[in-house]
file coords-v9.cif (mmCIF, C-alpha atoms)
data_query
#
loop_
_atom_site.label_atom_id
_atom_site.label_comp_id
_atom_site.auth_asym_id
_atom_site.auth_seq_id
_atom_site.Cartn_x
_atom_site.Cartn_y
_atom_site.Cartn_z
CA MET A 840 90.15 51.51 277.32
CA THR A 841 93.82 52.17 276.81
CA ILE A 842 94.67 49.10 278.88
CA TRP A 843 92.80 46.97 276.38
CA ARG A 844 94.44 48.67 273.43
CA GLN A 845 97.87 48.15 274.97
CA SER A 846 97.12 44.49 275.77
CA LEU A 847 95.91 43.85 272.25
CA PHE A 848 99.04 45.49 270.91
CA ILE A 849 101.30 43.08 272.81
CA ALA A 850 99.15 40.12 271.80
CA TRP A 851 99.26 41.30 268.20
CA LYS A 852 103.05 41.54 268.32
CA ASP A 853 103.32 37.93 269.53
CA LEU A 854 100.86 36.57 267.03
CA ARG A 855 102.55 38.39 264.15
CA THR A 856 105.94 36.98 265.14
CA GLU A 857 104.41 33.53 265.28
CA PHE A 858 102.61 33.97 261.98
CA ARG A 859 105.84 34.89 260.20
CA THR A 860 107.61 31.66 261.12
CA ARG A 861 104.69 29.33 261.94
CA GLN A 862 107.33 26.95 263.28
CA ASN A 863 106.00 26.76 266.81
CA PHE A 864 102.44 26.41 265.60
CA LEU A 865 103.08 23.56 263.20
CA THR A 866 105.15 21.52 265.65
CA THR A 867 102.55 21.94 268.38
CA LEU A 868 99.80 20.93 266.01
CA PHE A 869 101.74 17.87 264.95
CA PHE A 870 102.38 16.96 268.57
CA ALA A 871 98.64 17.07 269.39
CA PHE A 872 97.98 14.92 266.35
CA LEU A 873 100.55 12.36 267.55
CA VAL A 874 99.01 12.19 271.03
CA ILE A 875 95.62 11.38 269.52
CA LEU A 876 97.19 8.83 267.23
CA ILE A 877 99.07 7.07 270.02
CA PHE A 878 95.96 6.82 272.17
CA ASN A 879 94.31 5.11 269.23
CA PHE A 880 96.91 2.38 269.50
CA ALA A 881 96.62 2.19 273.29
CA PHE A 882 92.90 1.41 273.08
CA ASP A 883 91.20 -1.12 270.92
CA PRO A 884 89.56 1.12 268.27
CA GLY A 885 85.79 1.08 268.45
CA SER A 886 85.71 -0.67 271.82
CA VAL A 887 83.59 0.60 274.69
CA ALA A 888 86.70 1.57 276.63
CA ALA A 889 87.92 3.71 273.73
CA ARG A 890 84.56 5.43 273.38
CA GLU A 891 84.31 6.13 277.08
CA SER A 892 87.78 7.64 277.24
CA THR A 893 87.32 9.85 274.16
CA PRO A 894 86.88 13.10 276.13
CA ALA A 895 89.92 12.29 278.27
CA ILE A 896 92.06 11.61 275.18
CA LEU A 897 90.93 14.87 273.62
CA TRP A 898 91.88 16.88 276.69
CA VAL A 899 95.19 15.15 277.21
CA ALA A 900 96.09 16.01 273.60
CA PHE A 901 94.89 19.62 273.94
CA LEU A 902 96.51 20.35 277.29
CA PHE A 903 99.85 18.65 276.55
CA ALA A 904 100.12 20.54 273.29
CA GLY A 905 98.96 23.70 275.06
CA MET A 906 101.66 23.30 277.65
CA LEU A 907 104.31 22.99 274.96
CA SER A 908 103.19 26.23 273.35
CA LEU A 909 103.05 28.02 276.71
CA GLY A 910 106.65 27.02 277.30
CA GLN A 911 107.61 28.73 274.06
CA ALA A 912 105.73 31.95 274.82
CA PHE A 913 108.47 33.49 276.95
CA THR A 914 111.46 31.59 275.63
CA ARG A 915 111.39 33.75 272.53
CA GLU A 916 111.42 36.89 274.68
CA LYS A 917 114.57 35.66 276.37
CA GLU A 918 116.55 35.78 273.11
CA ASP A 919 118.38 39.08 272.57
CA ASP A 920 116.90 40.41 275.83
CA CYS A 921 113.52 41.06 274.26
CA LEU A 922 111.88 40.69 277.65
CA LEU A 923 113.89 43.61 278.98
CA GLY A 924 112.66 45.72 276.09
CA LEU A 925 109.10 44.64 276.78
CA LEU A 926 109.47 45.53 280.46
CA MET A 927 110.81 48.97 279.52
CA THR A 928 107.69 49.86 277.57
CA PRO A 929 105.62 52.39 279.52
CA VAL A 930 102.80 50.03 280.45
CA GLU A 931 101.78 48.30 283.65
CA ARG A 932 103.04 44.77 284.22
CA GLY A 933 99.46 43.53 284.20
CA VAL A 934 99.08 44.77 280.63
CA ILE A 935 101.99 42.59 279.56
CA TYR A 936 100.27 39.68 281.28
CA ASN A 937 97.01 40.44 279.44
CA GLY A 938 98.78 40.61 276.11
CA LYS A 939 100.65 37.37 276.65
CA PHE A 940 97.49 35.70 277.92
CA LEU A 941 95.48 36.76 274.86
CA ALA A 942 98.19 35.65 272.43
CA ASN A 943 98.58 32.26 274.14
CA LEU A 944 94.82 31.77 274.32
CA LEU A 945 94.30 32.55 270.65
CA PHE A 946 97.24 30.36 269.68
CA ILE A 947 95.88 27.37 271.59
CA LEU A 948 92.32 27.91 270.35
CA VAL A 949 93.42 27.97 266.71
CA MET A 950 95.53 24.87 267.28
CA GLU A 951 92.54 23.07 268.83
CA VAL A 952 90.18 24.06 266.04
CA CYS A 953 92.70 22.68 263.54
CA ILE A 954 93.04 19.37 265.37
CA LEU A 955 89.32 18.93 266.00
CA PRO A 956 88.45 17.48 262.55
CA VAL A 957 91.13 14.81 263.00
CA PHE A 958 89.68 13.97 266.37
CA ILE A 959 86.12 13.80 265.03
CA ILE A 960 87.17 11.51 262.18
CA PHE A 961 89.36 9.20 264.26
CA PHE A 962 86.91 8.74 267.12
CA ASN A 963 83.73 9.06 265.13
CA VAL A 964 82.13 11.41 267.65
CA SER A 965 78.77 13.08 267.44
CA PHE A 966 77.90 16.36 269.18
CA HIS A 967 74.13 15.81 269.32
CA GLY A 968 73.56 19.32 267.95
CA MET A 969 75.50 20.96 270.76
CA PHE A 970 78.65 21.92 268.90
CA ALA A 971 78.41 25.56 270.02
CA LEU A 972 78.22 24.47 273.64
CA PHE A 973 81.22 22.22 273.08
CA LEU A 974 83.21 25.18 271.73
CA GLY A 975 82.12 27.12 274.81
CA ILE A 976 83.53 24.39 277.07
CA ILE A 977 86.83 24.47 275.16
CA LEU A 978 86.98 28.24 275.62
CA LEU A 979 86.24 28.02 279.37
CA VAL A 980 88.87 25.33 279.96
CA ASP A 981 91.48 27.15 277.89
CA ILE A 982 90.97 30.48 279.66
CA GLY A 983 91.67 28.86 283.04
CA PHE A 984 94.56 26.77 281.80
CA VAL A 985 96.22 29.64 279.94
CA ALA A 986 95.62 32.08 282.82
CA ILE A 987 97.80 30.09 285.23
CA GLY A 988 99.99 28.75 282.42
CA THR A 989 101.06 32.23 281.30
CA LEU A 990 102.02 33.14 284.85
CA PHE A 991 104.06 29.97 285.41
CA ALA A 992 105.66 30.18 281.95
CA ALA A 993 106.96 33.65 282.82
CA MET A 994 108.30 32.20 286.05
CA VAL A 995 110.22 29.23 284.64
CA VAL A 996 111.68 30.98 281.61
CA SER A 997 114.79 32.07 283.47
CA MET A 998 115.34 28.63 285.01
CA ARG A 999 117.70 26.00 283.69
CA THR A 1000 115.13 23.24 284.22
CA ARG A 1001 112.26 25.10 282.57
CA GLU A 1002 111.08 22.23 280.36
CA VAL A 1003 110.47 20.08 283.43
CA MET A 1004 109.38 22.80 285.81
CA LEU A 1005 106.46 24.08 283.75
CA PRO A 1006 104.45 20.81 283.85
CA VAL A 1007 105.50 20.18 287.46
CA LEU A 1008 104.02 23.53 288.49
CA LEU A 1009 101.14 23.70 286.05
CA PHE A 1010 99.44 20.31 286.07
CA PRO A 1011 98.71 19.93 289.80
CA VAL A 1012 97.08 23.36 289.88
CA ALA A 1013 95.19 22.60 286.66
CA VAL A 1014 93.58 19.42 288.07
CA PRO A 1015 90.12 21.02 288.56
CA VAL A 1016 90.15 22.37 285.01
CA VAL A 1017 91.04 18.97 283.61
CA ILE A 1018 88.32 17.17 285.56
CA ALA A 1019 85.70 19.77 284.70
CA GLY A 1020 86.67 19.83 281.02
CA VAL A 1021 86.52 16.04 280.72
CA LYS A 1022 83.23 15.78 282.61
CA ALA A 1023 81.50 18.52 280.62
CA THR A 1024 82.80 17.12 277.32
CA THR A 1025 81.54 13.66 278.30
CA GLY A 1026 78.13 15.23 278.90
CA VAL A 1027 78.07 16.79 275.44
CA LEU A 1028 79.29 13.68 273.63
CA GLN A 1029 76.74 11.48 275.38
CA GLY A 1030 73.99 13.93 274.50
CA LEU A 1031 73.00 14.60 278.12
CA ASP A 1032 70.94 17.61 279.13
CA VAL A 1033 72.95 20.71 280.07
CA SER A 1034 71.48 20.73 283.58
CA VAL A 1035 73.36 17.47 284.32
CA TYR A 1036 76.77 19.06 283.95
CA ALA A 1037 75.96 22.74 284.55
CA ASN A 1038 77.91 22.44 287.83
CA TRP A 1039 81.09 21.85 285.88
CA LEU A 1040 80.53 24.90 283.70
CA LYS A 1041 80.04 27.03 286.80
CA LEU A 1042 83.20 25.60 288.33
CA LEU A 1043 85.14 26.43 285.16
CA GLY A 1044 83.74 29.96 285.11
CA GLY A 1045 84.69 30.47 288.74
CA PHE A 1046 88.18 29.11 288.23
CA ASP A 1047 88.70 31.40 285.22
CA LEU A 1048 87.58 34.54 287.06
CA ILE A 1049 89.58 33.85 290.24
CA PHE A 1050 92.84 33.03 288.51
CA LEU A 1051 92.63 35.72 285.83
CA ALA A 1052 92.30 38.30 288.59
CA VAL A 1053 94.99 36.78 290.83
CA CYS A 1054 97.50 36.22 288.02
CA TYR A 1055 96.97 39.76 286.71
CA TYR A 1056 97.94 41.15 290.11
CA VAL A 1057 100.88 38.89 290.95
CA PHE A 1058 102.41 38.94 287.46
CA LYS A 1059 104.64 41.88 288.39
CA TYR A 1060 106.47 39.70 290.90
CA VAL A 1061 107.52 37.12 288.32
CA VAL A 1062 108.94 39.38 285.60
CA GLU A 1063 111.05 41.77 287.65
CA GLU A 1064 114.64 41.80 286.52
CA ASN A 1065 116.92 41.12 289.47
CA MET P 1039 120.09 40.00 303.75
CA PRO P 1040 121.34 41.58 306.95
CA GLU P 1041 118.33 40.64 309.06
CA ALA P 1042 119.30 36.98 308.85
CA ALA P 1043 121.36 37.23 312.02
CA GLY P 1044 119.18 37.01 315.04
CA ARG P 1045 117.98 35.65 318.30
CA ARG P 1046 119.11 32.58 320.14
CA THR P 1047 117.12 29.41 320.58
CA GLY P 1048 115.01 30.79 323.42
CA GLY P 1049 111.95 28.83 324.48
CA ILE P 1050 112.74 25.62 322.66
CA PRO P 1051 113.55 23.43 325.73
CA LEU P 1052 110.35 24.51 327.48
CA LEU P 1053 108.25 23.95 324.35
CA THR P 1054 109.84 20.51 323.88
CA VAL P 1055 108.76 19.45 327.37
CA VAL P 1056 105.22 20.71 326.75
CA VAL P 1057 105.03 18.85 323.41
CA LEU P 1058 106.32 15.62 324.97
CA LEU P 1059 103.72 15.80 327.73
CA ALA P 1060 100.97 16.56 325.21
CA LEU P 1061 102.01 13.64 323.01
CA VAL P 1062 102.07 11.24 325.94
CA ALA P 1063 98.62 12.48 326.92
CA ALA P 1064 97.44 11.97 323.33
CA LEU P 1065 98.85 8.43 323.26
CA TYR P 1066 97.05 7.66 326.53
CA MET P 1067 93.78 9.06 325.19
CA VAL P 1068 94.09 7.21 321.88
CA PHE P 1069 95.12 3.79 323.17
CA ILE P 1070 93.57 3.55 326.64
CA TYR P 1071 90.90 6.20 327.18
CA ALA P 1072 89.09 5.89 323.85
CA PRO P 1073 86.89 2.78 323.53
CA ARG P 1074 87.53 0.04 321.01
CA GLU P 1075 85.48 0.56 317.86
CA ARG P 1076 82.76 -2.06 317.55
CA ILE P 1077 83.08 -2.98 313.87
CA MET P 1078 86.56 -1.92 312.80
CA GLY P 1079 88.35 -2.92 315.98
CA GLU P 1080 91.77 -1.71 317.03
CA VAL P 1081 92.76 -0.46 313.59
CA GLN P 1082 90.27 2.36 314.00
CA ARG P 1083 92.70 3.96 316.47
CA ILE P 1084 94.71 5.09 313.47
CA PHE P 1085 91.89 7.61 312.96
CA TYR P 1086 93.13 9.96 315.69
CA PHE P 1087 96.59 10.54 314.25
CA HIS P 1088 95.29 10.35 310.69
CA VAL P 1089 92.85 13.20 311.24
CA ALA P 1090 95.26 15.15 313.43
CA SER P 1091 97.91 14.95 310.67
CA ALA P 1092 95.38 16.10 308.08
CA TRP P 1093 94.48 19.05 310.29
CA LEU P 1094 98.16 19.87 310.75
CA GLY P 1095 98.82 19.71 307.01
CA MET P 1096 96.02 22.19 306.32
CA LEU P 1097 97.20 24.47 309.13
CA ALA P 1098 100.76 24.40 307.79
CA PHE P 1099 99.62 25.24 304.25
CA LEU P 1100 97.47 28.08 305.55
CA VAL P 1101 100.61 29.48 307.22
CA VAL P 1102 102.48 29.11 303.89
CA PHE P 1103 99.72 31.13 302.21
CA ILE P 1104 99.68 33.89 304.83
CA GLY P 1105 103.49 34.03 304.98
CA SER P 1106 103.68 34.32 301.18
CA ILE P 1107 101.16 37.17 301.04
CA LEU P 1108 102.97 38.99 303.85
CA TYR P 1109 106.29 38.50 302.06
CA LEU P 1110 105.03 40.01 298.80
CA TRP P 1111 103.37 42.80 300.72
CA LYS P 1112 106.06 43.73 303.24
CA GLY P 1113 109.12 42.19 301.60
CA ARG P 1114 110.66 40.94 304.86
CA LEU P 1115 112.80 37.82 304.74
CA ILE P 1116 111.29 36.26 307.86
CA TYR P 1117 107.85 35.88 306.21
CA ASP P 1118 109.38 33.90 303.38
CA ARG P 1119 111.26 31.71 305.85
CA ILE P 1120 108.12 30.99 307.84
CA ALA P 1121 106.30 30.04 304.63
CA ALA P 1122 109.12 27.77 303.42
CA CYS P 1123 109.59 25.98 306.77
CA SER P 1124 105.86 25.56 307.24
CA GLY P 1125 105.62 24.15 303.71
CA GLU P 1126 108.16 21.46 304.57
CA ILE P 1127 106.31 20.49 307.74
CA GLY P 1128 103.01 20.47 305.84
CA VAL P 1129 104.40 18.09 303.23
CA VAL P 1130 105.70 15.75 305.97
CA PHE P 1131 102.33 15.59 307.69
CA THR P 1132 100.38 15.24 304.45
CA THR P 1133 102.70 12.32 303.69
CA ILE P 1134 101.67 10.82 307.03
CA VAL P 1135 98.01 11.26 306.04
CA LEU P 1136 98.66 9.55 302.72
CA THR P 1137 100.45 6.69 304.50
CA THR P 1138 98.05 6.10 307.38
CA GLY P 1139 95.06 6.41 305.04
CA PRO P 1140 95.88 3.34 302.92
CA ILE P 1141 96.89 1.29 306.00
CA TRP P 1142 93.50 1.97 307.50
CA ALA P 1143 91.68 1.55 304.19
CA LYS P 1144 93.28 -1.85 303.55
CA SER P 1145 91.83 -3.34 306.70
CA VAL P 1146 88.44 -1.61 306.55
CA TRP P 1147 87.59 -1.26 302.85
CA GLY P 1148 89.84 -4.12 301.71
CA VAL P 1149 91.89 -2.01 299.29
CA TRP P 1150 95.00 0.11 299.75
CA TRP P 1151 93.84 2.94 297.62
CA THR P 1152 90.49 4.17 296.39
CA TRP P 1153 89.96 7.32 294.39
CA ASP P 1154 87.95 8.63 297.27
CA PRO P 1155 87.47 12.44 297.16
CA ARG P 1156 89.32 13.27 300.34
CA LEU P 1157 92.16 10.90 299.62
CA THR P 1158 92.46 12.24 296.08
CA SER P 1159 92.27 15.87 297.25
CA ALA P 1160 94.98 15.19 299.81
CA LEU P 1161 97.12 13.63 297.09
CA VAL P 1162 96.71 16.59 294.71
CA MET P 1163 97.44 19.01 297.56
CA TRP P 1164 100.53 17.01 298.46
CA ILE P 1165 101.75 17.15 294.84
CA MET P 1166 101.23 20.92 294.71
CA TYR P 1167 103.33 21.52 297.81
CA VAL P 1168 106.02 19.09 296.71
CA ALA P 1169 106.14 21.21 293.53
CA TYR P 1170 106.49 24.26 295.78
CA LEU P 1171 109.52 22.70 297.48
CA VAL P 1172 110.96 21.60 294.11
CA LEU P 1173 110.58 25.15 292.82
CA ARG P 1174 112.41 26.53 295.85
CA ALA P 1175 115.16 23.95 295.54
CA SER P 1176 115.78 24.65 291.86
CA LEU P 1177 116.29 28.39 292.18
CA PRO P 1178 119.44 29.99 293.57
CA GLU P 1179 119.00 32.10 296.68
CA SER P 1180 117.76 35.47 295.44
CA ARG P 1181 114.84 37.85 295.65
CA LYS P 1182 113.51 36.17 292.53
CA LYS P 1183 113.33 32.79 294.29
CA LEU P 1184 111.43 34.23 297.22
CA GLN P 1185 108.97 36.06 294.97
CA PHE P 1186 108.39 33.11 292.65
CA SER P 1187 107.74 30.70 295.46
CA ALA P 1188 105.41 33.19 297.17
CA VAL P 1189 103.43 33.61 293.94
CA TYR P 1190 103.21 29.85 293.47
CA ALA P 1191 102.14 29.30 297.08
CA ILE P 1192 99.33 31.85 296.75
CA VAL P 1193 98.02 30.31 293.52
CA ALA P 1194 98.28 26.80 294.97
CA PHE P 1195 96.43 27.61 298.17
CA LEU P 1196 93.58 29.35 296.32
CA ASP P 1197 93.36 26.23 294.19
CA VAL P 1198 92.94 23.86 297.17
CA PRO P 1199 89.20 24.48 297.76
CA ILE P 1200 88.50 24.29 294.00
CA VAL P 1201 90.37 20.98 293.81
CA PHE P 1202 88.39 19.76 296.79
CA PHE P 1203 85.01 20.62 295.25
CA SER P 1204 85.85 19.33 291.80
CA ILE P 1205 87.02 15.99 293.15
CA ARG P 1206 84.01 15.75 295.38
CA TRP P 1207 81.70 16.08 292.40
CA TRP P 1208 83.91 13.81 290.36
CA ARG P 1209 83.50 10.83 292.70
CA ARG P 1210 81.13 9.92 295.44
CA GLY P 1211 83.16 9.18 298.50
CA MET P 1212 83.66 6.33 300.89
CA HIS P 1213 84.57 8.60 303.78
CA PRO P 1214 81.64 8.81 306.16
CA SER P 1215 80.15 12.30 305.92
CA ASP P 1216 78.07 12.10 309.07
CA MET P 1217 78.84 9.55 311.70
CA THR P 1218 77.72 9.14 315.23
CA ILE P 1219 80.80 8.89 317.32
CA ASP P 1220 81.41 8.16 320.97
CA PRO P 1221 82.11 11.32 323.04
CA GLN P 1222 85.27 9.67 324.39
CA MET P 1223 86.52 9.28 320.84
CA ILE P 1224 85.94 12.99 320.23
CA HIS P 1225 87.89 13.81 323.41
CA ALA P 1226 90.79 11.67 322.18
CA LEU P 1227 90.66 13.34 318.77
CA ILE P 1228 90.69 16.82 320.27
CA VAL P 1229 93.67 15.98 322.49
CA ALA P 1230 95.51 14.48 319.51
CA CYS P 1231 94.86 17.62 317.46
CA ILE P 1232 96.06 19.90 320.24
CA ALA P 1233 99.18 17.79 320.76
CA PHE P 1234 99.93 17.89 317.02
CA THR P 1235 99.38 21.65 316.87
CA LEU P 1236 101.93 22.10 319.67
CA LEU P 1237 104.27 19.75 317.83
CA TYR P 1238 103.85 21.92 314.73
CA LEU P 1239 104.81 25.03 316.66
CA LEU P 1240 107.91 23.29 318.02
CA LEU P 1241 108.96 21.94 314.61
CA LEU P 1242 108.45 25.34 313.00
CA ARG P 1243 110.46 27.03 315.75
CA VAL P 1244 113.37 24.58 315.45
CA ARG P 1245 113.31 24.64 311.65
CA LEU P 1246 113.35 28.46 311.63
CA ASP P 1247 116.38 28.39 313.93
CA VAL P 1248 118.22 26.06 311.58
CA GLN P 1249 117.28 28.31 308.66
CA ARG P 1250 118.48 31.38 310.53
CA GLN P 1251 121.85 29.76 311.17
CA GLN P 1252 122.03 28.70 307.53
CA ASP P 1253 121.36 32.29 306.42
CA ARG P 1254 123.98 33.57 308.87
CA LEU P 1255 126.50 31.08 307.51
CA ASP P 1256 125.77 32.15 303.93
CA GLN P 1257 126.24 35.76 304.95
CA ILE P 1258 129.62 35.04 306.57
CA ARG P 1259 130.71 33.09 303.51
CA ARG P 1260 129.77 35.97 301.23
CA THR P 1261 131.62 38.47 303.43
CA ILE P 1262 134.78 36.35 303.34
CA LEU P 1263 134.58 35.93 299.57
CA GLU P 1264 134.22 39.68 299.13
CA ARG P 1265 137.32 40.38 301.23
CA GLU P 1266 139.53 37.97 299.34
#
call {"tool": "encode", "arguments": {"input": "coords-v9.cif", "output": "structure tokens"}}
result
Amino acid sequence: MTIWRQSLFIAWKDLRTEFRTRQNFLTTLFFAFLVILIFNFAFDPGSVAARESTPAILWVAFLFAGMLSLGQAFTREKEDDCLLGLLMTPVERGVIYNGKFLANLLFILVMEVCILPVFIIFFNVSFHGMFALFLGIILLVDIGFVAIGTLFAAMVVSMRTREVMLPVLLFPVAVPVVIAGVKATTGVLQGLDVSVYANWLKLLGGFDLIFLAVCYYVFKYVVEEN
Amino acid sequence: MPEAAGRRTGGIPLLTVVVLLALVAALYMVFIYAPRERIMGEVQRIFYFHVASAWLGMLAFLVVFIGSILYLWKGRLIYDRIAACSGEIGVVFTTIVLTTGPIWAKSVWGVWWTWDPRLTSALVMWIMYVAYLVLRASLPESRKKLQFSAVYAIVAFLDVPIVFFSIRWWRRGMHPSDMTIDPQMIHALIVACIAFTLLYLLLLRVRLDVQRQQDRLDQIRRTILERE
């Protein structure tokens, strides 16, 4: 149980820092809003093409904004050698990973919940009474995306080219999550039966479990101070 | 990294001769022994090197994965070098797959590119390993670089089957899943695969030698700089 308490402590520290400034949160939120807005111009509003690409637009906005916030997660630790202090705390490296993962996940989830009303209004979507399931899909996609994203963010933070390297590393690996998220969301928005896209939910669940476990174990290799 | 210094280029001339013979044999099998395909015609002969390259790419990436795990586990430089060199060869051969694929597709399906599952999977895999090489290139030589690239290689390789399945469900494919094929064609394919596997071993061997000399040179440079 102590591992969980320690993880929550680190997550709490991050979230409290973020809450005090709110700078990162507001810019990320605004960025997601802009992505949705720009896609509205790219497609003829109300056209069939726009309606069919709604899930894709939603996920592009969520994941691009998510990537931005992941990039910030460790940059702050770099200032004044905070990371060194964090590494000197008497906890396992995996606990630091858990804490960072939880903080990033919560951050992205809150951001998405805030942007969702805008999305619903702009694209006039209906959830066919499956809003809870839709939130479940968001959670499954985010867990997988943040699991690998936290690992890679820790990796690129010490690099000069970190702004470019994070998407270069993250997006190819995240391809299955993107496809599954878009497909499952399409299912919900079209009011299809769950059995039609249950495969995608299983794939997301599998992805989440595999990479949470792997990233937890290999995290110690990416934060060592050399 | 004192273990960088090492053995001479033993075995390379012999292996080169073997690879040359195997490649000539493969060319004979592909262009003369194997029959002409009834519907697609001569262009179908691209199949043998296309599939052999795909096999080689997968083999090379498997070696990257194993080398990376061994490096994190044992911490020996040579495992990292094997992974890095194999990654380069894998990217080259996946590039060949992605080049021969469209050439073949253009004359058979009438389009250069389709978002066919296997083609798309190969493309995503190619991008992941290009990212692996970019990551290596953008870090200065250090333990950190070796560990980061090993971690990325492990995550990427575990992702390959998931990518493959997700893309397969995403799109129904144009690649034939079960085809009846002439036994002579299978013989040609097997010979091509064996020849390419030998070629892989040779390329890896030569590339590791170059790397070893590079490491030795770096070591000498460092020693000189320390003395001055």
call {"tool": "residues_around", "arguments": {"input": "coords-v9.cif", "residues": "Ala904 of chain A", "least_positions_apart": "4", "cutoff": "12 Å", "atoms": "all atoms listed in the file", "output": "ChimeraX atom specification"}}
result
/A:863-875,897-900,908-911,943,946-951,954,981,984-985,1006
call {"tool": "atom_distance", "arguments": {"input": "coords-v9.cif", "atom1": "atom CA of Ala1226 of chain P", "atom2": "atom CA of His1088 of chain P"}}
result
12.4 Å
call {"tool": "interface_residues", "arguments": {"input": "coords-v9.cif", "of": "chain A", "to": "chain P", "cutoff": "7 Å", "atoms": "only C-alpha atoms", "output": "list in words"}}
result
Met994, Val1007, Leu1008, Pro1011, Val1012, Val1014, Pro1015, Val1057, Tyr1060, Val1061 and Asn1065 of chain A
call {"tool": "residues_around", "arguments": {"input": "coords-v9.cif", "residues": "Met1078 of chain P", "least_positions_apart": "3", "cutoff": "10 Å", "atoms": "only C-alpha atoms", "output": "mmCIF file with C-alpha atoms, in the frame of the given file"}}
result
data_model
loop_
_atom_site.group_PDB
_atom_site.id
_atom_site.type_symbol
_atom_site.label_atom_id
_atom_site.label_comp_id
_atom_site.auth_asym_id
_atom_site.auth_seq_id
_atom_site.Cartn_x
_atom_site.Cartn_y
_atom_site.Cartn_z
ATOM 1 C CA ARG P 1074 87.530 0.040 321.010
ATOM 2 C CA GLU P 1075 85.480 0.560 317.860
ATOM 3 C CA VAL P 1081 92.760 -0.460 313.590
ATOM 4 C CA GLN P 1082 90.270 2.360 314.000
ATOM 5 C CA ARG P 1083 92.700 3.960 316.470
ATOM 6 C CA TRP P 1142 93.500 1.970 307.500
ATOM 7 C CA SER P 1145 91.830 -3.340 306.700
ATOM 8 C CA VAL P 1146 88.440 -1.610 306.550
#
call {"tool": "resolve_selection", "arguments": {"input": "coords-v9.cif", "expression": "the PyMOL selection byres ((chain A and resi 1049) around 12)", "output": "ChimeraX atom specification"}}
result
/A:982-983,986-987,1042-1048,1050-1056 /P:1192-1193,1196-1197,1200
call {"tool": "write_last_selection", "arguments": {"input": "coords-v9.cif", "atoms": "C-alpha atoms", "output": "PDB file, in the coordinates of the input"}}
result
ATOM      1  CA  ILE A 982      90.970  30.480 279.660  1.00  0.00           C
ATOM      2  CA  GLY A 983      91.670  28.860 283.040  1.00  0.00           C
ATOM      3  CA  ALA A 986      95.620  32.080 282.820  1.00  0.00           C
ATOM      4  CA  ILE A 987      97.800  30.090 285.230  1.00  0.00           C
ATOM      5  CA  LEU A1042      83.200  25.600 288.330  1.00  0.00           C
ATOM      6  CA  LEU A1043      85.140  26.430 285.160  1.00  0.00           C
ATOM      7  CA  GLY A1044      83.740  29.960 285.110  1.00  0.00           C
ATOM      8  CA  GLY A1045      84.690  30.470 288.740  1.00  0.00           C
ATOM      9  CA  PHE A1046      88.180  29.110 288.230  1.00  0.00           C
ATOM     10  CA  ASP A1047      88.700  31.400 285.220  1.00  0.00           C
ATOM     11  CA  LEU A1048      87.580  34.540 287.060  1.00  0.00           C
ATOM     12  CA  PHE A1050      92.840  33.030 288.510  1.00  0.00           C
ATOM     13  CA  LEU A1051      92.630  35.720 285.830  1.00  0.00           C
ATOM     14  CA  ALA A1052      92.300  38.300 288.590  1.00  0.00           C
ATOM     15  CA  VAL A1053      94.990  36.780 290.830  1.00  0.00           C
ATOM     16  CA  CYS A1054      97.500  36.220 288.020  1.00  0.00           C
ATOM     17  CA  TYR A1055      96.970  39.760 286.710  1.00  0.00           C
ATOM     18  CA  TYR A1056      97.940  41.150 290.110  1.00  0.00           C
TER      19      TYR A1056
ATOM     20  CA  ILE P1192      99.330  31.850 296.750  1.00  0.00           C
ATOM     21  CA  VAL P1193      98.020  30.310 293.520  1.00  0.00           C
ATOM     22  CA  LEU P1196      93.580  29.350 296.320  1.00  0.00           C
ATOM     23  CA  ASP P1197      93.360  26.230 294.190  1.00  0.00           C
ATOM     24  CA  ILE P1200      88.500  24.290 294.000  1.00  0.00           C
TER      25      ILE P1200
END
call {"tool": "atom_distance", "arguments": {"input": "coords-v9.cif", "atom1": "atom CA of Gln1252 of chain P", "atom2": "atom CA of Glu1179 of chain P"}}
result
11.8 Å
call {"tool": "atom_distance", "arguments": {"input": "coords-v9.cif", "atom1": "atom CA of Tyr936 of chain A", "atom2": "atom CA of Asp853 of chain A"}}
result
12.3 Å
call {"tool": "resolve_selection", "arguments": {"input": "coords-v9.cif", "expression": "the PyMOL selection byres ((chain P and resi 1059-1064) around 7)", "output": "list in words"}}
result
Val1055, Val1056, Val1057, Leu1058, Leu1065, Tyr1066, Met1067, Val1068, Ala1226, Val1229, Ala1230 and Ala1233 of chain P
call {"tool": "closest_residue", "arguments": {"input": "coords-v9.cif", "among": "A:Leu1040, A:Ala850, A:Met906, A:Ile935", "to": "Phe973 of chain A", "atoms": "only C-alpha atoms"}}
result
A:Leu1040
call {"tool": "resolve_selection", "arguments": {"input": "coords-v9.cif", "expression": "the PyMOL selection byres ((chain A and resi 918-932) around 9)", "output": "ChimeraX atom specification"}}
result
/A:842,845,849,913-917,933-937,1055-1056,1058-1059,1062-1064
call {"tool": "write_last_selection", "arguments": {"input": "coords-v9.cif", "atoms": "C-alpha atoms", "output": "compact mmCIF listing (two decimals), keeping the file's coordinate frame"}}
result
# COMPACT_ATOMS: atom_id res chain seq x y z
CA ILE A 842 94.67 49.10 278.88
CA GLN A 845 97.87 48.15 274.97
CA ILE A 849 101.30 43.08 272.81
CA PHE A 913 108.47 33.49 276.95
CA THR A 914 111.46 31.59 275.63
CA ARG A 915 111.39 33.75 272.53
CA GLU A 916 111.42 36.89 274.68
CA LYS A 917 114.57 35.66 276.37
CA GLY A 933 99.46 43.53 284.20
CA VAL A 934 99.08 44.77 280.63
CA ILE A 935 101.99 42.59 279.56
CA TYR A 936 100.27 39.68 281.28
CA ASN A 937 97.01 40.44 279.44
CA TYR A 1055 96.97 39.76 286.71
CA TYR A 1056 97.94 41.15 290.11
CA PHE A 1058 102.41 38.94 287.46
CA LYS A 1059 104.64 41.88 288.39
CA VAL A 1062 108.94 39.38 285.60
CA GLU A 1063 111.05 41.77 287.65
CA GLU A 1064 114.64 41.80 286.52
